[in-house]
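Okay, run.txt now, which holds compact mmCIF, C-alpha atoms:
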```txt
# COMPACT_ATOMS: atom_id res chain seq x y z
CA MET A 14 0.00 0.00 0.00
CA TYR A 15 2.88 2.37 0.76
CA LYS A 16 4.38 1.84 -2.74
CA LEU A 17 1.00 2.46 -4.33
CA LYS A 18 0.57 5.65 -2.33
CA VAL A 19 4.03 6.84 -3.43
CA PHE A 20 3.18 5.99 -7.05
CA PHE A 21 -0.06 7.99 -7.01
CA GLU A 22 1.78 10.90 -5.43
CA MET A 23 4.48 10.66 -8.10
CA ILE A 24 2.02 10.83 -11.01
CA LYS A 25 -0.09 13.54 -9.30
CA PHE A 26 -3.25 11.46 -9.73
CA GLU A 27 -5.35 14.41 -8.60
CA HIS A 28 -4.33 16.26 -11.77
CA THR A 29 -6.66 13.91 -13.68
CA ILE A 30 -9.20 16.63 -12.86
CA PHE A 31 -7.84 18.65 -15.80
CA ALA A 32 -8.78 16.19 -18.58
CA LEU A 33 -11.47 13.90 -17.16
CA PRO A 34 -14.31 16.48 -17.11
CA PHE A 35 -13.59 17.28 -20.76
CA ALA A 36 -13.67 13.58 -21.63
CA TYR A 37 -17.05 13.37 -19.94
CA LEU A 38 -18.14 16.52 -21.78
CA GLY A 39 -17.26 14.86 -25.08
CA ALA A 40 -19.37 11.86 -24.07
CA PHE A 41 -22.37 13.96 -22.99
CA LEU A 42 -22.24 16.08 -26.15
CA ALA A 43 -22.02 12.95 -28.30
CA SER A 44 -25.10 11.59 -26.54
CA ALA A 45 -26.91 14.97 -26.53
CA GLY A 46 -27.67 14.08 -22.92
CA VAL A 47 -26.68 11.35 -20.47
CA PRO A 48 -24.54 8.58 -22.04
CA PRO A 49 -25.02 4.87 -21.23
CA ILE A 50 -23.48 4.18 -17.82
CA MET A 51 -21.17 1.41 -19.04
CA LYS A 52 -19.82 3.70 -21.76
CA LEU A 53 -18.94 6.22 -19.04
CA VAL A 54 -17.26 3.47 -17.01
CA TRP A 55 -15.02 2.45 -19.92
CA ILE A 56 -14.25 6.08 -20.80
CA THR A 57 -13.24 6.67 -17.16
CA LEU A 58 -10.98 3.60 -17.12
CA ALA A 59 -9.44 4.57 -20.46
CA MET A 60 -8.68 8.03 -19.12
CA ILE A 61 -7.15 6.63 -15.93
CA GLY A 62 -5.01 4.22 -17.94
CA ALA A 63 -3.87 6.86 -20.42
CA ARG A 64 -2.99 9.51 -17.89
CA THR A 65 -1.33 7.11 -15.45
CA ALA A 66 0.83 5.63 -18.20
CA ALA A 67 1.76 9.07 -19.56
CA MET A 68 2.73 10.56 -16.20
CA ALA A 69 4.63 7.47 -15.06
CA LEU A 70 6.48 7.36 -18.38
CA ASN A 71 7.31 11.05 -18.07
CA ARG A 72 8.71 10.54 -14.57
CA LEU A 73 10.70 7.51 -15.75
CA ILE A 74 12.23 9.23 -18.78
CA ASP A 75 12.99 12.45 -16.85
CA ARG A 76 14.29 10.81 -13.66
CA HIS A 77 17.92 11.89 -14.21
CA ILE A 78 16.89 15.45 -15.10
CA ASP A 79 14.56 15.56 -12.08
CA ALA A 80 17.44 14.49 -9.85
CA ARG A 81 19.41 17.60 -10.88
CA ASN A 82 16.50 20.02 -10.43
CA PRO A 83 16.04 21.21 -6.82
CA ARG A 84 12.28 21.55 -7.41
CA THR A 85 11.89 17.91 -8.48
CA ALA A 86 14.78 16.13 -6.76
CA GLN A 87 12.46 14.62 -4.12
CA ARG A 88 10.20 12.90 -6.63
CA ALA A 89 9.86 9.17 -6.07
CA LEU A 90 12.34 7.88 -8.66
CA PRO A 91 15.28 10.26 -8.07
CA ALA A 92 14.69 9.94 -4.31
CA GLY A 93 14.80 6.13 -4.52
CA GLN A 94 11.27 5.60 -3.20
CA LEU A 95 10.33 3.56 -6.27
CA LYS A 96 12.40 1.28 -8.50
CA VAL A 97 12.57 1.64 -12.27
CA THR A 98 11.20 -1.90 -12.71
CA GLU A 99 8.21 -1.07 -10.51
CA VAL A 100 7.35 2.03 -12.53
CA CYS A 101 7.75 0.06 -15.79
CA LEU A 102 5.23 -2.48 -14.50
CA TYR A 103 2.74 0.28 -13.69
CA ILE A 104 3.21 1.73 -17.19
CA VAL A 105 2.54 -1.61 -18.90
CA LEU A 106 -0.55 -2.26 -16.79
CA SER A 107 -1.86 1.25 -17.47
CA PHE A 108 -1.47 0.90 -21.24
CA LEU A 109 -3.20 -2.49 -21.08
CA LEU A 110 -6.09 -0.85 -19.21
CA LEU A 111 -6.28 1.83 -21.91
CA GLY A 112 -6.26 -0.74 -24.71
CA PHE A 113 -8.89 -2.99 -23.13
CA SER A 114 -11.15 -0.01 -22.36
CA ALA A 115 -10.89 1.19 -25.98
CA TYR A 116 -11.76 -2.33 -27.17
CA MET A 117 -14.84 -2.37 -24.92
CA LEU A 118 -16.02 0.96 -26.33
CA ASN A 119 -15.91 0.20 -30.07
CA ILE A 120 -13.60 -0.86 -32.88
CA LEU A 121 -12.81 2.69 -34.06
CA ALA A 122 -11.72 3.68 -30.55
CA LEU A 123 -9.35 0.69 -30.54
CA ILE A 124 -8.01 1.44 -34.04
CA LEU A 125 -7.29 5.09 -33.18
CA MET A 126 -5.85 4.37 -29.73
CA PRO A 127 -2.22 4.20 -31.02
CA ILE A 128 -2.51 7.88 -32.03
CA ALA A 129 -3.21 8.81 -28.42
CA VAL A 130 -0.38 6.55 -27.23
CA PHE A 131 2.00 8.19 -29.71
CA PHE A 132 1.38 11.69 -28.33
CA LEU A 133 1.43 10.47 -24.72
CA VAL A 134 4.88 8.95 -25.28
CA LEU A 135 6.18 11.75 -27.52
CA TYR A 136 5.53 14.44 -24.92
CA SER A 137 8.11 12.99 -22.54
CA PHE A 138 10.87 13.58 -25.13
CA THR A 139 9.83 16.89 -26.71
CA LYS A 140 11.51 19.21 -24.21
CA ARG A 141 14.81 17.83 -25.40
CA PHE A 142 14.40 19.12 -28.96
CA THR A 143 11.57 21.68 -29.29
CA TRP A 144 9.87 24.52 -27.46
CA ALA A 145 6.57 23.22 -28.93
CA CYS A 146 6.45 20.66 -26.10
CA HIS A 147 3.50 22.55 -24.56
CA PHE A 148 1.43 21.96 -27.70
CA VAL A 149 2.24 18.25 -27.73
CA LEU A 150 0.92 18.03 -24.18
CA GLY A 151 -2.12 20.03 -25.29
CA ILE A 152 -2.77 17.60 -28.14
CA ALA A 153 -2.44 14.62 -25.78
CA LEU A 154 -5.09 16.04 -23.43
CA GLY A 155 -7.17 17.42 -26.29
CA LEU A 156 -7.59 13.87 -27.59
CA ALA A 157 -9.56 13.02 -24.42
CA PRO A 158 -12.90 14.58 -25.45
CA ALA A 159 -12.38 13.45 -29.05
CA GLY A 160 -11.75 9.90 -27.87
CA ALA A 161 -14.81 9.99 -25.63
CA TRP A 162 -16.97 11.22 -28.54
CA ILE A 163 -15.72 8.33 -30.70
CA GLY A 164 -16.26 5.94 -27.80
CA ILE A 165 -19.94 6.94 -27.74
CA THR A 166 -20.71 7.38 -31.44
CA GLY A 167 -18.12 5.30 -33.28
CA HIS A 168 -17.41 8.10 -35.78
CA TRP A 169 -15.74 11.52 -36.16
CA ALA A 170 -17.53 14.88 -36.27
CA LEU A 171 -16.74 18.59 -36.17
CA THR A 172 -17.69 19.00 -32.50
CA PRO A 173 -14.95 16.81 -30.97
CA ILE A 174 -12.35 18.49 -33.20
CA LEU A 175 -13.37 21.95 -32.00
CA LEU A 176 -13.56 20.80 -28.37
CA GLY A 177 -10.16 19.11 -28.67
CA LEU A 178 -8.64 22.31 -30.09
CA GLY A 179 -10.12 24.26 -27.18
CA VAL A 180 -8.56 21.86 -24.69
CA MET A 181 -5.24 21.88 -26.57
CA THR A 182 -4.88 25.67 -26.48
CA TRP A 183 -6.06 25.84 -22.85
CA VAL A 184 -3.58 23.15 -21.73
CA ALA A 185 -0.67 24.57 -23.74
CA GLY A 186 -1.36 27.98 -22.20
CA PHE A 187 -1.29 26.85 -18.60
CA ASP A 188 1.67 24.52 -19.22
CA ILE A 189 3.66 27.55 -20.40
CA VAL A 190 2.83 29.26 -17.09
CA TYR A 191 3.95 26.16 -15.17
CA ALA A 192 7.22 26.00 -17.15
CA CYS A 193 8.14 29.51 -16.00
CA GLN A 194 9.27 27.99 -12.69
CA ASP A 195 12.15 26.15 -14.35
CA VAL A 196 13.49 28.71 -16.83
CA GLU A 197 17.00 28.97 -15.40
CA PHE A 198 17.31 25.21 -14.89
CA ASP A 199 16.03 24.45 -18.41
CA ARG A 200 18.53 26.86 -19.92
CA ARG A 201 21.44 25.30 -17.99
CA GLU A 202 20.36 21.80 -19.04
CA GLY A 203 19.72 22.73 -22.67
CA LEU A 204 16.03 21.92 -22.36
CA ASN A 205 13.40 23.67 -24.43
CA SER A 206 10.27 25.51 -23.36
CA ILE A 207 8.63 28.70 -24.54
CA PRO A 208 9.69 30.65 -21.40
CA ALA A 209 13.26 29.30 -21.63
CA ILE A 210 13.61 30.18 -25.32
CA PHE A 211 11.60 33.41 -25.57
CA GLY A 212 11.81 34.72 -21.99
CA LEU A 213 9.33 34.96 -19.14
CA ARG A 214 7.41 38.02 -20.34
CA ARG A 215 7.02 36.80 -23.90
CA GLY A 216 6.11 33.35 -22.60
CA LEU A 217 3.31 34.77 -20.47
CA GLU A 218 2.11 36.83 -23.43
CA ILE A 219 1.92 33.69 -25.58
CA SER A 220 0.09 31.91 -22.77
CA SER A 221 -2.41 34.79 -22.55
CA PHE A 222 -2.98 34.65 -26.31
CA LEU A 223 -3.69 30.92 -26.17
CA HIS A 224 -6.15 31.55 -23.35
CA ILE A 225 -7.97 34.03 -25.58
CA ILE A 226 -8.16 31.46 -28.39
CA ALA A 227 -9.36 28.57 -26.19
CA PRO A 228 -12.75 30.13 -25.24
CA LEU A 229 -13.38 30.88 -28.93
CA PHE A 230 -13.18 27.16 -29.64
CA PHE A 231 -15.50 26.46 -26.69
CA ILE A 232 -17.96 29.00 -28.05
CA SER A 233 -17.77 27.39 -31.50
CA VAL A 234 -18.69 24.05 -29.89
CA GLY A 235 -21.80 25.70 -28.47
CA VAL A 236 -22.73 27.10 -31.88
CA VAL A 237 -22.27 23.79 -33.71
CA MET A 238 -24.20 21.87 -31.04
CA SER A 239 -26.93 24.55 -30.74
CA MET A 240 -26.34 24.82 -27.00
CA ASN A 241 -28.46 27.11 -24.86
CA TRP A 242 -27.62 29.90 -22.42
CA LEU A 243 -26.41 27.71 -19.55
CA TYR A 244 -23.53 26.42 -21.66
CA TYR A 245 -22.42 29.96 -22.43
CA VAL A 246 -22.57 30.85 -18.72
CA GLY A 247 -20.05 28.05 -18.23
CA VAL A 248 -17.83 29.47 -20.97
CA ALA A 249 -18.09 32.94 -19.40
CA ILE A 250 -16.97 31.52 -16.04
CA ALA A 251 -14.06 29.83 -17.82
CA ILE A 252 -13.03 33.16 -19.32
CA ILE A 253 -13.14 34.82 -15.89
CA LEU A 254 -10.99 32.04 -14.39
CA LEU A 255 -8.45 32.34 -17.21
CA PHE A 256 -8.29 36.10 -16.71
CA ARG A 257 -7.82 35.59 -12.96
CA GLN A 258 -5.05 33.07 -13.63
CA HIS A 259 -3.04 35.63 -15.56
CA ARG A 260 -3.62 38.28 -12.91
CA LEU A 261 -2.06 36.01 -10.27
CA VAL A 262 1.17 35.35 -12.19
CA SER A 263 3.69 37.82 -13.59
CA ALA A 264 7.26 37.67 -14.83
CA ASP A 265 8.35 39.07 -11.45
CA ASP A 266 6.13 37.00 -9.14
CA PHE A 267 5.38 33.27 -9.32
CA SER A 268 4.45 32.88 -5.65
CA LYS A 269 0.81 32.07 -6.53
CA ILE A 270 1.53 29.69 -9.39
CA GLY A 271 -0.01 26.78 -7.44
CA VAL A 272 -3.37 28.55 -7.26
CA ALA A 273 -3.11 29.74 -10.87
CA PHE A 274 -2.03 26.36 -12.26
CA PHE A 275 -3.95 23.78 -10.26
CA ASP A 276 -6.88 25.40 -8.47
CA LEU A 277 -8.22 27.72 -11.17
CA ASN A 278 -7.73 25.26 -14.03
CA GLY A 279 -9.36 22.51 -11.99
CA TYR A 280 -12.35 24.78 -11.32
CA LEU A 281 -12.52 25.66 -15.02
CA SER A 282 -12.78 22.08 -16.25
CA ILE A 283 -15.35 21.08 -13.62
CA LEU A 284 -17.56 24.15 -13.95
CA LEU A 285 -17.62 24.13 -17.74
CA PHE A 286 -18.62 20.46 -17.60
CA VAL A 287 -21.31 21.08 -14.97
CA PHE A 288 -22.91 23.96 -16.85
CA SER A 289 -22.75 21.98 -20.10
CA ILE A 290 -24.58 18.96 -18.71
CA MET A 291 -27.12 21.23 -17.01
CA ASP A 292 -27.74 22.76 -20.43
CA LEU A 293 -28.05 19.35 -22.10
CA ILE A 294 -30.33 17.88 -19.43
CA LEU A 295 -32.48 20.84 -18.39
CA LEU A 296 -32.86 22.86 -21.59
CA ARG A 297 -33.31 20.15 -24.22
```
Translate this structure into structure tokens?
Amino acid sequence: MYKLKVFFEMIKFEHTIFALPFAYLGAFLASAGVPPIMKLVWITLAMIGARTAAMALNRLIDRHIDARNPRTAQRALPAGQLKVTEVCLYIVLSFLLLGFSAYMLNILALILMPIAVFFLVLYSFTKRFTWACHFVLGIALGLAPAGAWIGITGHWALTPILLGLGVMTWVAGFDIVYACQDVEFDRREGLNSIPAIFGLRRGLEISSFLHIIAPLFFISVGVVMSMNWLYYVGVAIAIILLFRQHRLVSADDFSKIGVAFFDLNGYLSILLFVFSIMDLILLR
């Protein structure tokens, strides 16, 4: 039990809150209401498998870099709390859970699953060769609502593409903010990020721009799906939370980055989902 607790702490299991509500949103939009309960179960398990594998793989690949970074040196692998073989086992089991869940949803979900796996694995290497790493992470999380839509319907549509693009730009934006903490370390190590390459102020400007674009994609989802006013209340709240996030962080002060990164983005994903399902259930 202790090892399992350390593992969940290592992968920041609570950060699943960023992507899971959007996966559910994709499922509810695909159903134009409440999806079948077993579909939701398999979507949940697929999300848990995908995110657990991705985070564990990231920690495994970056363990030597983490050991040299004072901010991350106490993570489980560099601190010796977990063995490499143990983490590898968790990764294999997590990918198996993802694959079986996709199979239980439908054949298209299973066929397209390798695309999600590709981006989940690619992200762990991108910081070594490109500052576009934030967008790769955004794509990986943006595939969650698209995958959920396919899991429900068995086919593509415009809505999951627009929703996925909204999630991609939102995630890339807040990941840029998070990367500001490690600018000096990344530069010393030759690692790439938008703040490390373009500077803190320009990085925050790019993040702000992405967080202007993201709500436009969310609004376009509402237009395509003919959503009612409750959905747009949720989008308005999301805009307010994004604005608040950028008020809390500046190039000279990152003391509130925890609130800006985790709390506000967690609220955003949950509240947009809640207002969306209220719209779908109450106003249809």
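Proximity of A:Ala170, A:Leu204, A:Leu255, A:Ala192 to Ile78 (chain A), computed with only C-alpha atoms, is greatest for A:Leu204.
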Residue neighbourhood Met60 (chain A), 8 Å, only C-alpha atoms, exclusion window fewer than 5 positions, as a VMD selection string | chain A and resid 33 36 111 157
Ile104 (chain A) surroundings by all atoms listed in the file, 12 Å radius, close-in-sequence under 3 positions cut, as number ranges by chain | A: 20, 24, 61-74, 97-101, 107-111, 130, 133-134
Could you please give me, as a PyMOL selection string, the residues of protein, DNA or RNA lying at most 8 Å from (-10.8, 17.9, -19.5) in the coordinate frame of the file, considering all atoms listed in the file?
-> chain A and resi 30-38+154-155+157-158+180+282
Limited to C-alpha atoms, could you put the picked residues into a file as a short mmCIF file (atom, residue, chain, number, x, y, z; two decimals), in the frame of the given file?
```cif
data_model
loop_
_atom_site.label_atom_id
_atom_site.label_comp_id
_atom_site.auth_asym_id
_atom_site.auth_seq_id
_atom_site.Cartn_x
_atom_site.Cartn_y
_atom_site.Cartn_z
CA ILE A 30 -9.20 16.63 -12.86
CA PHE A 31 -7.84 18.65 -15.80
CA ALA A 32 -8.78 16.19 -18.58
CA LEU A 33 -11.47 13.90 -17.16
CA PRO A 34 -14.31 16.48 -17.11
CA PHE A 35 -13.59 17.28 -20.76
CA ALA A 36 -13.67 13.58 -21.63
CA TYR A 37 -17.05 13.37 -19.94
CA LEU A 38 -18.14 16.52 -21.78
CA LEU A 154 -5.09 16.04 -23.43
CA GLY A 155 -7.17 17.42 -26.29
CA ALA A 157 -9.56 13.02 -24.42
CA PRO A 158 -12.90 14.58 -25.45
CA VAL A 180 -8.56 21.86 -24.69
CA SER A 282 -12.78 22.08 -16.25
#
```
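Proximity of A:Leu243, A:Val149, A:Ala59, A:Val287 to Phe113 (chain A), computed with all atoms listed in the file, is greatest for A:Ala59.
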Two-atom distance - CA of Trp242 (chain A), CA of Phe286 (chain A) (Å) = 13.9 Å
Mind listing whatever residues come within 10 Å of the point (-7.5, 30.2, -12.4)? Use all atoms listed in the file, file coordinates, and give them as a VMD selection string.
-> chain A and resid 187 251 to 261 270 to 281
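With all atoms listed in the file as the basis for measurement, A:Ala159 is the residue among A:Ile152, A:Leu102, A:Ala159, A:Ala86 that approaches Ile56 (chain A) most closely.
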In Å, how far is it from CA of Asp195 (chain A) to CA of Pro83 (chain A)?
-> 9.8 Å
Determine, counting all atoms listed in the file, which protein, DNA and RNA residues have an atom within 6 Å of an atom of Tyr244 (chain A); residues of the same chain fewer than 4 positions away are not included. Present the result as a ChimeraX atom specification.
-> /A:288-289,292
Residue nearest Leu223 (chain A) - candidates A:Leu178, A:Tyr245, A:Phe198, A:Gly235, atoms counted: all atoms listed in the file = A:Leu178
Residue with smallest distance to Tyr191 (chain A) - pool A:Leu176, A:Val237, A:Ile294, A:Leu213, counting only C-alpha atoms | A:Leu213
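Pairwise distance (CA of Trp183 (chain A), CA of Gly164 (chain A)) equals 22.9 Å.
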Find the spatial neighbours of His77 (chain A), counting only C-alpha atoms, within a cut-off of 9 Å - ignore same-chain residues fewer than 4 positions away - and output them as a ChimeraX atom specification.
-> /A:73,81,90-91
Residue among A:Phe230, A:Tyr103, A:Tyr116, A:Tyr136 lying closest to Gly179 (chain A), counting all atoms listed in the file | A:Phe230
